[in-house]
Protein chains: 2
Amino acid sequence: MTALPPDLFDELCPSSLLPFRFGDKWAALVLRCLEDGPRRYSELRVSLRRVTPKVLTQSLRGLERDGFVQRTVRPGPPRSVEYELTPLGRSLLVPLYAACAWAAEHWDELLDARDPG
Amino acid sequence: MTALPPDLFDELCPSSLLPFRFGDKWAALVLRCLEDGPRRYSELRVSLRRVTPKVLTQSLRGLERDGFVQRTVRPGPPRSVEYELTPLGRSLLVPLYAACAWAAEHWDELLDARDPG
DNA sequence: CTGAATCCCCCACGATACTG
DNA sequence: CAGTATCGTGGGGGATTCAG
């Protein structure tokens, strides 16, 4: 990586998608919840205990709108809704794993930088 | 990647650092501005035209606090301030490049998902 | 079971202007 | 040159409650 691509600072540069997508506080966690296959809404709620239903729905809707996740309603009763990764969403797992690995590897340094002592 | 690490959903899971850091709208761009070596504040301003000085300073301060960037004042006059990546910041470039490459590769799909047509 | 509705809060972002 | 000061805004995040 020697020179910057000329469009790096353009408004439409793909890099601007990073906060656009990773800015979502829970998106990464949600995607990882789906890595092994479809999950029901209630299953996601159990896994992501710290996320309130409203915020979880928000996050899922965002991921759905951007084409990372597909939502499927299985009529009831009892009614159930499944979420699963699209091919696009699955492809995002690759850089996501890289970022998670980095975070795990440098976890201590990060904490030290934030709170020296 | 078969099973999720048990701590993935813990409050202190490293994955929670992703939005923690990538949530910063300009952080990725700033880091890439510094990939080839130290840059002065004014240089960064020129590169990042769309960022106002206040926001740029905010972003730099955040990156400095988290240990990604080092700030060096060279007394004047004329005074100058240089920013450069720390080893930690440089290590972050690796997953960052992966994310940028992914974004570039799937740019079209992303736009289609957002705005079908 | 799967959300939607409501209310609130905080703060990142941004525009503009000013300073040592 | 390298920022600060000030003001304004929007929206994501969260707690709680309600509904089909």
# chains A, B, ... in the order shown; residues from 1 in each chain; ligands from 1
>>> closest_atom_pairs(of="chain A", to="chain D", cutoff="10 Å", atoms="only C-alpha atoms (C1' of nucleotides)", output="CSV")
residue,atom,partner,partner_atom,distance
A:Gly23,CA,D:DG12,C1',9.9
A:Asp24,CA,D:DG12,C1',8.5
A:Lys25,CA,D:DG13,C1',8.8
A:Val51,CA,D:DG14,C1',8.8
A:Thr52,CA,D:DG14,C1',7.4
A:Lys54,CA,D:DG14,C1',9.0
A:Val55,CA,D:DG13,C1',7.3
A:Gln58,CA,D:DG12,C1',9.7
>>> write_last_selection(atoms="N, CA, C and O atoms", output="PDB file, in the first residue's frame")
ATOM      1  N   GLY A  23     -20.505   1.555  12.075  1.00  0.00           N
ATOM      2  CA  GLY A  23     -20.919   2.520  13.064  1.00  0.00           C
ATOM      3  C   GLY A  23     -22.062   2.003  13.913  1.00  0.00           C
ATOM      4  O   GLY A  23     -22.242   2.415  15.053  1.00  0.00           O
ATOM      5  N   ASP A  24     -22.814   1.101  13.347  1.00  0.00           N
ATOM      6  CA  ASP A  24     -23.896   0.466  14.090  1.00  0.00           C
ATOM      7  C   ASP A  24     -23.297  -0.305  15.259  1.00  0.00           C
ATOM      8  O   ASP A  24     -22.516  -1.239  15.091  1.00  0.00           O
ATOM      9  N   LYS A  25     -23.711   0.060  16.443  1.00  0.00           N
ATOM     10  CA  LYS A  25     -23.072  -0.467  17.650  1.00  0.00           C
ATOM     11  C   LYS A  25     -23.164  -1.984  17.785  1.00  0.00           C
ATOM     12  O   LYS A  25     -22.292  -2.618  18.342  1.00  0.00           O
ATOM     13  N   VAL A  51     -28.929  -6.028  24.580  1.00  0.00           N
ATOM     14  CA  VAL A  51     -29.599  -5.204  23.579  1.00  0.00           C
ATOM     15  C   VAL A  51     -31.111  -5.253  23.805  1.00  0.00           C
ATOM     16  O   VAL A  51     -31.690  -6.330  23.893  1.00  0.00           O
ATOM     17  N   THR A  52     -31.716  -4.101  23.894  1.00  0.00           N
ATOM     18  CA  THR A  52     -33.163  -4.073  24.063  1.00  0.00           C
ATOM     19  C   THR A  52     -33.841  -4.442  22.740  1.00  0.00           C
ATOM     20  O   THR A  52     -33.262  -4.264  21.666  1.00  0.00           O
ATOM     21  N   LYS A  54     -36.121  -3.108  20.952  1.00  0.00           N
ATOM     22  CA  LYS A  54     -36.211  -2.030  19.969  1.00  0.00           C
ATOM     23  C   LYS A  54     -34.909  -1.843  19.207  1.00  0.00           C
ATOM     24  O   LYS A  54     -34.894  -1.751  17.981  1.00  0.00           O
ATOM     25  N   VAL A  55     -33.810  -1.808  19.948  1.00  0.00           N
ATOM     26  CA  VAL A  55     -32.513  -1.578  19.322  1.00  0.00           C
ATOM     27  C   VAL A  55     -32.112  -2.766  18.462  1.00  0.00           C
ATOM     28  O   VAL A  55     -31.541  -2.601  17.380  1.00  0.00           O
ATOM     29  N   GLN A  58     -34.035  -2.455  15.322  1.00  0.00           N
ATOM     30  CA  GLN A  58     -33.402  -1.388  14.543  1.00  0.00           C
ATOM     31  C   GLN A  58     -32.193  -1.899  13.784  1.00  0.00           C
ATOM     32  O   GLN A  58     -32.032  -1.670  12.589  1.00  0.00           O
TER      33      GLN A  58
END
>>> residues_around(residues="B:Ser80", least_positions_apart="3", cutoff="10 Å", atoms="only C-alpha atoms (C1' of nucleotides)", output="list in words")
Arg40, Tyr41, Ser42, Thr72, Val73, Arg74, Pro75, Gly76 and Pro77 of chain B; DC1 and DA2 of chain D
>>> write_last_selection(atoms="C-alpha atoms (C1' of nucleotides)", output="PDB file, in the first residue's frame")
ATOM      1  CA  ARG B  40       1.140  17.915   9.819  1.00  0.00           C
ATOM      2  CA  TYR B  41      -2.222  19.207  10.902  1.00  0.00           C
ATOM      3  CA  SER B  42      -2.516  21.457   7.910  1.00  0.00           C
ATOM      4  CA  THR B  72       4.359  15.831  18.448  1.00  0.00           C
ATOM      5  CA  VAL B  73       4.754  19.584  18.796  1.00  0.00           C
ATOM      6  CA  ARG B  74       7.777  21.153  17.151  1.00  0.00           C
ATOM      7  CA  PRO B  75       8.181  24.575  18.731  1.00  0.00           C
ATOM      8  CA  GLY B  76       8.376  27.565  16.464  1.00  0.00           C
ATOM      9  CA  PRO B  77       7.916  29.948  15.118  1.00  0.00           C
TER      10      PRO B  77
ATOM     11  C1'  DC D   1      -0.224  27.412  11.717  1.00  0.00           C
ATOM     12  C1'  DA D   2      -3.066  24.867  14.752  1.00  0.00           C
TER      13       DA D   2
END
>>> interface_residues(of="chain A", to="chain B", cutoff="6 Å", atoms="only C-alpha atoms", output="VMD selection string")
chain A and resid 14 to 15 19 22 to 23 25 66 to 67 95 98 to 100 103 to 104 113 to 114
>>> interface_residues(of="chain C", to="chain B", cutoff="12 Å", atoms="only C-alpha atoms (C1' of nucleotides)", output="ChimeraX atom specification")
/C:12-16,20
>>> residues_around(residues="B:Leu34", least_positions_apart="4", cutoff="10 Å", atoms="only C-alpha atoms (C1' of nucleotides)", output="number ranges by chain")
B: 29-30, 38-40, 44, 69, 83-85, 89-90
>>> write_last_selection(atoms="C-alpha atoms", output="mmCIF file, in the first residue's frame")
data_model
loop_
_atom_site.group_PDB
_atom_site.id
_atom_site.type_symbol
_atom_site.label_atom_id
_atom_site.label_comp_id
_atom_site.auth_asym_id
_atom_site.auth_seq_id
_atom_site.Cartn_x
_atom_site.Cartn_y
_atom_site.Cartn_z
ATOM 1 C CA LEU B 29 -9.727 8.035 6.775
ATOM 2 C CA VAL B 30 -7.395 9.751 9.207
ATOM 3 C CA PRO B 38 3.966 11.678 9.759
ATOM 4 C CA ARG B 39 1.672 14.422 8.580
ATOM 5 C CA ARG B 40 1.140 17.915 9.819
ATOM 6 C CA LEU B 44 -4.456 16.527 7.074
ATOM 7 C CA VAL B 69 -1.661 8.166 16.971
ATOM 8 C CA TYR B 83 0.795 13.310 13.840
ATOM 9 C CA GLU B 84 2.053 9.808 13.222
ATOM 10 C CA LEU B 85 0.871 6.277 13.705
ATOM 11 C CA GLY B 89 -2.148 2.264 15.069
ATOM 12 C CA ARG B 90 -0.060 0.741 12.313
#
>>> atom_distance(atom1="atom C1' of C:DG3", atom2="atom CA of A:Glu43")
13.7 Å
>>> atom_distance(atom1="atom CA of B:Pro87", atom2="atom CA of B:Gln70")
9.9 Å
